[in-house]
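Chemist: Contents of final-v4.cif (mmCIF, C-alpha atoms):
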```
data_data
loop_
_atom_site.label_atom_id
_atom_site.label_comp_id
_atom_site.auth_asym_id
_atom_site.auth_seq_id
_atom_site.Cartn_x
_atom_site.Cartn_y
_atom_site.Cartn_z
CA MET A 858 -23.91 -33.73 -17.56
CA ALA A 859 -21.74 -36.43 -19.01
CA GLY A 860 -19.45 -38.57 -16.94
CA ALA A 861 -16.26 -37.81 -15.06
CA ASN A 862 -14.58 -34.45 -15.36
CA ALA A 863 -11.64 -34.20 -17.74
CA ASN A 864 -10.53 -30.91 -16.19
CA PRO A 865 -7.37 -31.62 -14.13
CA ASP A 866 -8.19 -28.73 -11.78
CA LEU A 867 -11.45 -30.32 -10.61
CA PRO A 868 -11.95 -33.57 -8.70
CA ALA A 869 -12.68 -36.58 -10.92
CA SER A 870 -16.12 -36.85 -9.33
CA ALA A 871 -17.10 -33.36 -10.49
CA PRO A 872 -19.56 -33.47 -13.37
CA THR A 873 -18.57 -32.13 -16.78
CA TRP A 874 -20.22 -29.11 -18.32
CA ALA A 875 -22.95 -30.12 -20.74
CA GLY A 876 -23.79 -26.81 -22.39
CA GLU A 877 -27.16 -26.52 -20.69
CA ALA A 878 -26.36 -23.51 -18.54
CA GLU A 879 -29.37 -21.36 -17.77
CA VAL A 880 -29.36 -17.59 -17.36
CA ARG A 881 -29.68 -18.06 -13.58
CA ASP A 882 -26.39 -20.00 -13.57
CA TYR A 883 -24.56 -17.03 -15.07
CA LEU A 884 -26.32 -14.75 -12.57
CA ALA A 885 -25.18 -17.06 -9.75
CA LEU A 886 -21.57 -16.58 -10.94
CA LEU A 887 -21.97 -12.89 -10.10
CA LYS A 888 -22.66 -13.68 -6.40
CA PRO A 889 -25.86 -11.59 -6.21
CA ARG A 890 -25.99 -11.60 -2.39
CA VAL A 891 -22.50 -10.12 -2.10
CA MET A 892 -23.40 -7.75 -4.91
CA SER A 893 -26.43 -6.42 -3.02
CA LEU A 894 -24.28 -5.38 -0.03
CA VAL A 895 -21.75 -3.79 -2.40
CA VAL A 896 -24.54 -1.86 -4.14
CA PHE A 897 -25.89 -0.67 -0.81
CA THR A 898 -22.55 0.54 0.57
CA ALA A 899 -21.58 2.16 -2.75
CA LEU A 900 -24.93 3.94 -2.89
CA THR A 901 -24.39 5.21 0.66
CA GLY A 902 -20.96 6.58 -0.32
CA LEU A 903 -22.57 8.32 -3.27
CA VAL A 904 -25.45 9.76 -1.20
CA VAL A 905 -23.42 11.06 1.76
CA ALA A 906 -20.72 12.64 -0.43
CA PRO A 907 -20.88 16.46 -0.53
CA GLY A 908 -22.48 18.07 -3.57
CA ALA A 909 -25.12 16.66 -5.85
CA VAL A 910 -24.72 14.13 -8.60
CA HIS A 911 -27.27 13.78 -11.40
CA PRO A 912 -29.53 10.81 -10.55
CA VAL A 913 -28.89 9.16 -13.94
CA LEU A 914 -25.10 9.40 -13.49
CA GLY A 915 -25.48 8.19 -9.89
CA PHE A 916 -27.47 5.21 -11.14
CA MET A 917 -24.82 4.46 -13.78
CA ALA A 918 -22.06 4.66 -11.17
CA VAL A 919 -23.82 2.21 -8.83
CA LEU A 920 -24.64 -0.08 -11.76
CA CYS A 921 -20.99 -0.14 -12.86
CA ILE A 922 -19.81 -0.85 -9.29
CA ALA A 923 -22.38 -3.66 -9.02
CA VAL A 924 -21.30 -5.17 -12.35
CA GLY A 925 -17.63 -4.85 -11.32
CA ALA A 926 -18.42 -6.67 -8.07
CA GLY A 927 -20.26 -9.36 -10.02
CA ALA A 928 -17.29 -9.73 -12.38
CA SER A 929 -15.03 -10.25 -9.34
CA GLY A 930 -17.39 -12.99 -8.16
CA ALA A 931 -17.22 -14.76 -11.53
CA LEU A 932 -13.41 -14.54 -11.62
CA ASN A 933 -13.24 -15.82 -8.03
CA MET A 934 -15.42 -18.82 -8.94
CA TRP A 935 -13.27 -19.44 -12.03
CA TYR A 936 -10.07 -19.59 -9.98
CA ASP A 937 -11.51 -21.35 -6.92
CA ALA A 938 -13.54 -24.02 -8.76
CA ASP A 939 -11.27 -26.78 -7.41
CA ILE A 940 -11.73 -25.88 -3.74
CA ASP A 941 -15.39 -24.91 -4.20
CA ALA A 942 -16.02 -28.52 -5.27
CA LEU A 943 -14.61 -29.74 -1.94
CA MET A 944 -16.75 -27.59 0.38
CA GLU A 945 -20.37 -28.31 1.22
CA ARG A 946 -21.27 -24.59 1.20
CA THR A 947 -19.91 -24.02 -2.32
CA ALA A 948 -20.21 -27.43 -4.04
CA GLY A 949 -23.52 -26.40 -5.61
CA ARG A 950 -22.01 -23.38 -7.40
CA PRO A 951 -22.38 -23.43 -11.21
CA ILE A 952 -18.81 -24.58 -12.04
CA PRO A 953 -18.32 -27.41 -9.49
CA ALA A 954 -21.91 -28.53 -10.16
CA GLY A 955 -21.01 -28.83 -13.86
CA ARG A 956 -23.54 -26.32 -15.20
CA VAL A 957 -21.02 -23.71 -16.43
CA SER A 958 -17.50 -24.24 -17.80
CA ARG A 959 -14.50 -22.51 -16.23
CA GLY A 960 -13.73 -20.84 -19.54
CA ASP A 961 -17.21 -19.30 -19.67
CA ALA A 962 -16.80 -17.96 -16.12
CA LEU A 963 -13.40 -16.48 -17.00
CA GLY A 964 -14.77 -14.88 -20.15
CA LEU A 965 -17.79 -13.46 -18.32
CA GLY A 966 -15.61 -12.12 -15.48
CA LEU A 967 -13.04 -10.47 -17.75
CA GLY A 968 -15.68 -9.08 -20.10
CA LEU A 969 -17.78 -7.56 -17.32
CA SER A 970 -14.65 -6.22 -15.54
CA MET A 971 -13.53 -4.32 -18.62
CA ALA A 972 -17.06 -3.16 -19.49
CA SER A 973 -17.78 -1.87 -15.96
CA VAL A 974 -14.45 -0.03 -15.57
CA MET A 975 -14.53 1.55 -19.04
CA THR A 976 -18.20 2.56 -18.74
CA LEU A 977 -17.62 4.12 -15.30
CA GLY A 978 -14.57 5.99 -16.60
CA VAL A 979 -16.18 7.31 -19.78
CA LEU A 980 -19.56 8.22 -18.26
CA VAL A 981 -18.71 9.25 -14.68
CA ASN A 982 -15.01 9.83 -13.91
CA TRP A 983 -11.67 8.06 -14.17
CA LEU A 984 -10.80 8.21 -10.47
CA ALA A 985 -13.85 6.09 -9.65
CA ALA A 986 -13.04 3.80 -12.61
CA GLY A 987 -9.43 3.45 -11.45
CA LEU A 988 -10.56 2.54 -7.93
CA LEU A 989 -12.99 -0.02 -9.36
CA ALA A 990 -10.24 -1.57 -11.51
CA PHE A 991 -7.90 -1.68 -8.49
CA THR A 992 -10.63 -3.31 -6.37
CA ILE A 993 -11.28 -6.05 -8.93
CA ALA A 994 -7.55 -6.70 -9.38
CA PHE A 995 -6.98 -6.70 -5.60
CA TYR A 996 -9.81 -9.17 -4.99
CA ILE A 997 -8.65 -11.58 -7.68
CA VAL A 998 -4.86 -11.30 -7.63
CA VAL A 999 -4.09 -10.37 -4.01
CA TYR A 1000 -6.94 -12.14 -2.19
CA THR A 1001 -8.07 -15.06 -4.38
CA MET A 1002 -4.81 -16.05 -6.06
CA TRP A 1003 -2.26 -15.09 -3.40
CA LEU A 1004 -3.58 -14.84 0.17
CA LYS A 1005 -6.62 -17.11 0.36
CA ARG A 1006 -4.72 -20.41 0.25
CA ARG A 1007 -1.59 -19.21 2.03
CA THR A 1008 -2.30 -17.29 5.22
CA PRO A 1009 -4.91 -17.09 8.00
CA GLN A 1010 -4.75 -13.31 7.51
CA ASN A 1011 -6.35 -13.84 4.06
CA ILE A 1012 -9.64 -12.15 4.85
CA VAL A 1013 -8.01 -9.40 6.95
CA ILE A 1014 -5.94 -8.05 4.05
CA GLY A 1015 -8.30 -9.30 1.35
CA GLY A 1016 -11.16 -7.54 3.14
CA ALA A 1017 -9.90 -4.30 1.61
CA ALA A 1018 -11.54 -5.33 -1.67
CA GLY A 1019 -14.97 -5.37 -0.05
CA ALA A 1020 -14.28 -2.06 1.69
CA PHE A 1021 -13.67 -0.02 -1.46
CA PRO A 1022 -17.27 0.31 -2.84
CA PRO A 1023 -18.36 3.28 -0.65
CA MET A 1024 -15.08 4.99 -1.53
CA ILE A 1025 -15.79 4.39 -5.24
CA GLY A 1026 -19.32 5.76 -4.78
CA TRP A 1027 -17.87 8.84 -3.05
CA ALA A 1028 -15.26 9.28 -5.82
CA ALA A 1029 -18.01 8.96 -8.45
CA ALA A 1030 -19.92 11.82 -6.82
CA THR A 1031 -17.02 14.14 -6.00
CA GLY A 1032 -14.09 13.10 -8.18
CA GLU A 1033 -11.87 12.81 -5.09
CA VAL A 1034 -10.94 10.63 -2.13
CA SER A 1035 -11.47 12.31 1.26
CA LEU A 1036 -10.97 11.47 4.93
CA SER A 1037 -14.70 10.73 5.24
CA SER A 1038 -14.60 8.20 2.41
CA ILE A 1039 -11.55 6.58 4.01
CA ALA A 1040 -13.58 6.32 7.24
CA LEU A 1041 -16.31 4.41 5.36
CA PHE A 1042 -13.59 2.16 3.94
CA ALA A 1043 -12.20 1.56 7.45
CA ILE A 1044 -15.61 0.60 8.85
CA ILE A 1045 -16.02 -2.23 6.31
CA PHE A 1046 -12.34 -3.19 6.49
CA PHE A 1047 -12.47 -3.81 10.26
CA TRP A 1048 -15.97 -5.33 10.09
CA THR A 1049 -14.81 -8.04 7.64
CA PRO A 1050 -12.68 -10.23 10.00
CA PRO A 1051 -15.33 -10.78 12.70
CA HIS A 1052 -17.91 -11.36 9.94
CA PHE A 1053 -15.91 -14.08 8.14
CA TRP A 1054 -14.35 -15.60 11.24
CA SER A 1055 -17.83 -16.11 12.72
CA LEU A 1056 -18.70 -18.11 9.60
CA ALA A 1057 -15.35 -19.94 9.68
CA LEU A 1058 -15.92 -20.98 13.31
CA TYR A 1059 -18.83 -23.22 12.38
CA ARG A 1060 -17.51 -24.11 8.91
CA ALA A 1061 -13.96 -24.93 10.02
CA GLY A 1062 -14.26 -28.55 8.85
CA ASP A 1063 -15.26 -27.42 5.40
CA TYR A 1064 -12.30 -25.04 5.15
CA ALA A 1065 -9.89 -27.64 6.55
CA SER A 1066 -10.96 -30.27 4.01
CA ALA A 1067 -10.40 -27.76 1.19
CA GLY A 1068 -6.99 -26.79 2.62
CA ILE A 1069 -7.89 -23.15 3.21
CA PRO A 1070 -5.92 -21.82 6.22
CA MET A 1071 -8.75 -19.89 7.87
CA LEU A 1072 -7.94 -18.71 11.41
CA PRO A 1073 -10.04 -21.38 13.24
CA VAL A 1074 -8.29 -24.08 11.18
CA VAL A 1075 -4.76 -22.77 11.81
CA ALA A 1076 -4.96 -21.13 15.26
CA GLY A 1077 -8.01 -22.90 16.71
CA PRO A 1078 -11.43 -21.64 17.85
CA ALA A 1079 -10.22 -19.99 21.09
CA ALA A 1080 -7.76 -17.67 19.31
CA THR A 1081 -10.39 -16.90 16.66
CA ARG A 1082 -12.98 -15.97 19.30
CA ARG A 1083 -10.45 -13.60 20.93
CA GLN A 1084 -9.71 -11.96 17.58
CA ILE A 1085 -13.44 -11.55 16.88
CA VAL A 1086 -13.82 -9.68 20.18
CA LEU A 1087 -10.82 -7.42 19.46
CA TYR A 1088 -12.05 -6.42 16.01
CA SER A 1089 -15.64 -6.00 17.27
CA ALA A 1090 -14.44 -3.70 20.06
CA LEU A 1091 -12.78 -1.55 17.39
CA MET A 1092 -16.12 -1.15 15.59
CA LEU A 1093 -17.58 0.92 18.44
CA PRO A 1094 -15.23 3.95 18.08
CA LEU A 1095 -14.77 3.39 14.35
CA SER A 1096 -18.49 3.55 13.57
CA LEU A 1097 -18.55 6.99 15.24
CA VAL A 1098 -15.82 8.47 13.03
CA PRO A 1099 -18.36 9.71 10.39
CA PHE A 1100 -20.04 11.67 13.21
CA ALA A 1101 -16.69 13.06 14.39
CA LEU A 1102 -15.86 14.14 10.84
CA GLY A 1103 -19.25 15.82 10.37
CA THR A 1104 -20.41 13.39 7.67
CA ALA A 1105 -23.24 12.25 9.95
CA GLY A 1106 -25.32 13.81 12.71
CA LEU A 1107 -26.40 12.90 16.24
CA PRO A 1108 -29.20 10.47 15.20
CA TYR A 1109 -26.57 8.43 13.35
CA ALA A 1110 -24.19 8.54 16.31
CA MET A 1111 -26.90 7.27 18.67
CA GLY A 1112 -27.99 4.50 16.30
CA ALA A 1113 -24.39 3.48 15.54
CA THR A 1114 -23.62 3.24 19.26
CA VAL A 1115 -26.56 0.89 19.83
CA LEU A 1116 -25.77 -1.26 16.74
CA SER A 1117 -22.06 -1.46 17.56
CA GLY A 1118 -22.87 -2.21 21.22
CA ILE A 1119 -24.97 -5.21 20.11
CA PHE A 1120 -22.15 -6.20 17.72
CA LEU A 1121 -19.65 -6.23 20.62
CA ALA A 1122 -22.11 -8.07 22.88
CA GLY A 1123 -22.54 -10.71 20.16
CA ALA A 1124 -18.76 -11.07 19.91
CA LEU A 1125 -18.44 -11.46 23.69
CA ARG A 1126 -21.13 -14.15 23.55
CA VAL A 1127 -19.11 -15.96 20.88
CA TRP A 1128 -16.07 -15.74 23.21
CA TRP A 1129 -17.87 -16.98 26.31
CA THR A 1130 -20.16 -19.66 24.93
CA ALA A 1131 -19.16 -23.00 23.52
CA GLY A 1132 -20.92 -24.39 20.46
CA ASP A 1133 -21.86 -22.92 17.12
CA ALA A 1134 -25.09 -21.09 17.98
CA ALA A 1135 -23.42 -17.82 19.05
CA ALA A 1136 -21.13 -17.79 15.98
CA ARG A 1137 -24.10 -18.44 13.66
CA TRP A 1138 -26.00 -15.56 15.29
CA MET A 1139 -22.93 -13.30 15.03
CA PHE A 1140 -22.51 -14.06 11.33
CA ARG A 1141 -26.14 -13.25 10.55
CA TYR A 1142 -26.14 -10.13 12.75
CA SER A 1143 -22.90 -8.86 11.18
CA ILE A 1144 -24.65 -8.64 7.78
CA LEU A 1145 -27.65 -6.87 9.32
CA TYR A 1146 -25.28 -4.60 11.29
CA LEU A 1147 -23.43 -3.32 8.23
CA ALA A 1148 -26.65 -2.85 6.26
CA LEU A 1149 -28.31 -0.95 9.11
CA LEU A 1150 -25.23 1.17 9.84
CA PHE A 1151 -24.98 2.34 6.23
CA ALA A 1152 -28.76 2.79 5.97
CA LEU A 1153 -28.60 4.96 9.09
CA LEU A 1154 -25.79 7.00 7.57
CA ALA A 1155 -27.74 7.57 4.35
CA VAL A 1156 -31.05 8.38 6.08
CA ASP A 1157 -29.34 10.72 8.55
CA HIS A 1158 -27.69 12.55 5.66
CA VAL A 1159 -30.89 12.83 3.61
CA LEU A 1160 -32.85 14.10 6.65
CA ALA A 1161 -30.15 16.68 7.40
CA ARG A 1162 -30.36 17.93 3.81
CA VAL A 1163 -34.15 18.18 3.90
CA ALA A 1164 -34.20 19.97 7.29
CA MET B 894 -25.33 -25.63 -41.81
CA SER B 895 -27.90 -28.33 -41.11
CA SER B 896 -27.66 -30.81 -38.29
CA ARG B 897 -28.13 -33.57 -40.92
CA ALA B 898 -24.71 -32.77 -42.41
CA TRP B 899 -23.10 -32.80 -38.94
CA PRO B 900 -25.14 -35.31 -36.96
CA GLU B 901 -22.61 -35.38 -34.09
CA MET B 902 -23.23 -31.64 -33.53
CA ALA B 903 -27.01 -31.93 -33.24
CA LEU B 904 -28.24 -30.28 -30.02
CA SER B 905 -30.97 -31.71 -27.88
CA GLU B 906 -34.21 -29.80 -27.48
CA LYS B 907 -33.23 -28.96 -23.89
CA LYS B 908 -29.88 -27.49 -24.96
CA LEU B 909 -31.54 -25.51 -27.74
CA ARG B 910 -34.05 -24.06 -25.25
CA SER B 911 -31.22 -23.10 -22.86
CA ARG B 912 -29.29 -21.49 -25.68
CA ARG B 913 -32.37 -19.55 -26.82
CA ARG B 914 -32.97 -18.25 -23.30
CA ARG B 915 -29.32 -17.21 -22.96
CA ASN B 916 -29.47 -15.37 -26.28
CA VAL B 917 -32.68 -13.56 -25.32
CA ALA B 918 -31.11 -12.51 -21.98
CA LEU B 919 -27.95 -11.28 -23.74
CA GLY B 920 -30.06 -9.36 -26.23
CA LEU B 921 -32.02 -7.70 -23.44
CA VAL B 922 -28.80 -6.75 -21.59
CA LEU B 923 -27.26 -5.23 -24.73
CA GLY B 924 -30.51 -3.41 -25.56
CA GLY B 925 -30.68 -2.05 -22.02
CA PHE B 926 -27.06 -0.93 -22.24
CA ILE B 927 -27.75 0.97 -25.47
CA VAL B 928 -30.76 2.71 -23.89
CA LEU B 929 -28.66 3.65 -20.85
CA ILE B 930 -25.87 5.10 -22.99
CA TYR B 931 -28.47 7.10 -24.93
CA VAL B 932 -30.05 8.49 -21.74
CA VAL B 933 -26.66 9.36 -20.20
CA SER B 934 -25.63 11.10 -23.43
CA ILE B 935 -28.79 13.24 -23.31
CA VAL B 936 -28.11 14.07 -19.64
CA LYS B 937 -24.47 14.99 -20.32
CA MET B 938 -25.35 17.15 -23.32
CA GLY B 939 -28.07 18.85 -21.28
CA GLY B 940 -25.78 19.50 -18.30
#
```
Spell out the structure here as structure tokens.
Modeler:
Amino acid sequence: MAGANANPDLPASAPTWAGEAEVRDYLALLKPRVMSLVVFTALTGLVVAPGAVHPVLGFMAVLCIAVGAGASGALNMWYDADIDALMERTAGRPIPAGRVSRGDALGLGLGLSMASVMTLGVLVNWLAAGLLAFTIAFYIVVYTMWLKRRTPQNIVIGGAAGAFPPMIGWAAATGEVSLSSIALFAIIFFWTPPHFWSLALYRAGDYASAGIPMLPVVAGPAATRRQIVLYSALMLPLSLVPFALGTAGLPYAMGATVLSGIFLAGALRVWWTAGDAAARWMFRYSILYLALLFALLAVDHVLARVA
Amino acid sequence: MSSRAWPEMALSEKKLRSRRRRNVALGLVLGGFIVLIYVVSIVKMGG
């Protein structure tokens, strides 16, 4: 690191890149934790889709979706480096910390985006590749560049980007988009607001100092808590749609009811209790909830096939 | 091109180590990609 930052997009206090980036810094640009949830939901879409896909092609499809998600993360960090430097939660990321240059992040993001889309198209099918390309473009252009800094509905509309992976997995296996894959999309789409607003409730100061109009910053905590309850209440019937469509069986329906019931109870606790503890619990549970719901869906499907 | 001819471009030992590690990682990724393409080609030709 060498002195003040000459990049006009970063605060003067941000360190300059010194060309000592380690491999783990480039991996951090790919947001591996987000990537793991994307991999899991995409894999579920692939597994529960009708018909059988060759395991090698299935692996390639999930790998391409994971790399595409990682590329989105790198492009997001490239564009948001200025506000990342202002928030405690993100100040340690490779660009604001001065370990990787913005140009490197842009190059990595664009390169991996093109490689993942082209590889998925050539080796699996072009519908899945098209959906992956749309997802990356939506996340960067619509969410990161347009909505994130302009509206408190940023993560509601932008959440669509995170909801596409199971649909891409489904398209990779079947070559089509069906009502069942749209149901998987809808589950993640409506799960996203309570997930991010729970985080925003106890990180509101961070978002406010970076000028990001998250709902708790713009409308206040009370309105945010109400919205969390509304979206969480929707999850109960929505999580049962795969059962109604015949994509999942009774074991899934029972498990989903319990998980969604706890999700709603957690949201009500956020509404009723003051302080951050309930919101912190809700944020952590929301990650576990989505992972368990999709795991349940996959296991239920595999068991039904074996039986 | 030696670092003696361009002393201002000489890299520290730490930077050289980082660069070496990055190159090894890139090599492994590209090698893995080639193996994957080979395996998928065999699968596609077989199917």
Chemist: When you get a sec, could you note down which chain A residues fall within 10 Å of chain B, using all atoms listed in the file, as a list of chain:residue names?
Modeler: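 Those within range of chain B come out as A:Ala875, A:Gly876, A:Glu877, A:Ala878, A:Glu879, A:Val880, A:Arg881, A:Tyr883, A:His911, A:Pro912, A:Val913, A:Leu914, A:Phe916, A:Met917, A:Thr976, A:Leu980, A:Val981.
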Chemist: Write out as a count of residues only which residues come within 12 Å of Pro1009 (chain A) when counting all atoms listed in the file, dropping same-chain ones fewer than 3 positions away.
Modeler: 28
Chemist: Could you list the residues chosen by the PyMOL selection byres ((chain A and resi 1132) around 12) in this structure as number ranges by chain?
Modeler: A: 1055, 1058-1059, 1078-1079, 1082, 1126-1131, 1133-1138
Chemist: How many Å lie between CA of Thr1114 (chain A) and CA of Thr898 (chain A), rounded to one decimal?
Modeler: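 Going from CA of Thr1114 (chain A) over to CA of Thr898 (chain A), I get 18.9 Å.
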Chemist: Interatomic distance between CA of Ile935 (chain B) and CA of Val1159 (chain A)?
Modeler: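 Computing the Euclidean distance for CA of Ile935 (chain B) and CA of Val1159 (chain A) yields 27.0 Å.
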Chemist: From the list A:Leu887, A:Val905, A:Ala938, A:Ala931, which residue is nearest Val1156 (chain A) when using only C-alpha atoms?
Modeler: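 For Val1156 (chain A), the nearest of the given residues is A:Val905.
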Chemist: May I ask which of the residues A:Ala972, A:Ala1040, A:Val891, A:Met934 is the closest one to Leu923 (chain B), counting all atoms listed in the file?
Modeler: A:Ala972
Chemist: List the residues matched by the PyMOL selection byres ((chain A and resi 1145-1155) around 7) in the displayed structure as a PDB file with C-alpha atoms, in the coordinates of the input, ordered by chain and then by residue number.
Modeler:
```pdb
ATOM      1  CA  THR A 898     -22.550   0.540   0.570  1.00  0.00           C
ATOM      2  CA  THR A 901     -24.390   5.210   0.660  1.00  0.00           C
ATOM      3  CA  VAL A 904     -25.450   9.760  -1.200  1.00  0.00           C
ATOM      4  CA  VAL A 905     -23.420  11.060   1.760  1.00  0.00           C
ATOM      5  CA  ALA A1105     -23.240  12.250   9.950  1.00  0.00           C
ATOM      6  CA  TYR A1109     -26.570   8.430  13.350  1.00  0.00           C
ATOM      7  CA  ALA A1113     -24.390   3.480  15.540  1.00  0.00           C
ATOM      8  CA  LEU A1116     -25.770  -1.260  16.740  1.00  0.00           C
ATOM      9  CA  ARG A1141     -26.140 -13.250  10.550  1.00  0.00           C
ATOM     10  CA  TYR A1142     -26.140 -10.130  12.750  1.00  0.00           C
ATOM     11  CA  SER A1143     -22.900  -8.860  11.180  1.00  0.00           C
ATOM     12  CA  ILE A1144     -24.650  -8.640   7.780  1.00  0.00           C
ATOM     13  CA  VAL A1156     -31.050   8.380   6.080  1.00  0.00           C
ATOM     14  CA  ASP A1157     -29.340  10.720   8.550  1.00  0.00           C
ATOM     15  CA  HIS A1158     -27.690  12.550   5.660  1.00  0.00           C
ATOM     16  CA  VAL A1159     -30.890  12.830   3.610  1.00  0.00           C
TER      17      VAL A1159
END
```
Chemist: Check the smallest atom-to-atom distance from each of A:Val979, A:Met892, A:Val957, A:Leu1097 to Val924 (chain A) using all atoms listed in the file, then report the winner.
Modeler: A:Met892
Chemist: Please determine, counting all atoms listed in the file, which residue among A:Gly964, A:Trp983, A:Leu920, A:Val896 has the shortest atom-to-atom distance to Phe926 (chain B).
Modeler: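 With all atoms listed in the file as the atom set, the closest residue is A:Leu920.
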Chemist: Which residues are close to Ile997 (chain A), i.e. within 9 Å by only C-alpha atoms, leaving aside same-chain residues fewer than 2 positions away? Reply as a ChimeraX atom specification.
Modeler: /A:929-930,932-933,936,992-995,999-1003
Chemist: Between CA of Ile1025 (chain A) and CA of Val919 (chain A), what distance in Å does the model show, to one decimal?
Modeler: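 According to the coordinates, CA of Ile1025 (chain A) and CA of Val919 (chain A) are separated by 9.1 Å.
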Chemist: For the file shown, report as a list in words the outcome of the PyMOL selection byres ((chain A and resi 1026) around 9) at residue level.
Modeler: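 When the PyMOL selection byres ((chain A and resi 1026) around 9) is applied to the shown file, the picked residues are Thr898, Ala899, Leu900, Thr901, Gly902, Leu903, Val904, Ala906, Gly915, Ala918, Val919, Ile922, Ala985, Phe1021, Pro1022, Pro1023, Met1024, Ile1025, Trp1027, Ala1028, Ala1029, Ala1030, Thr1031 and Ser1038 of chain A.
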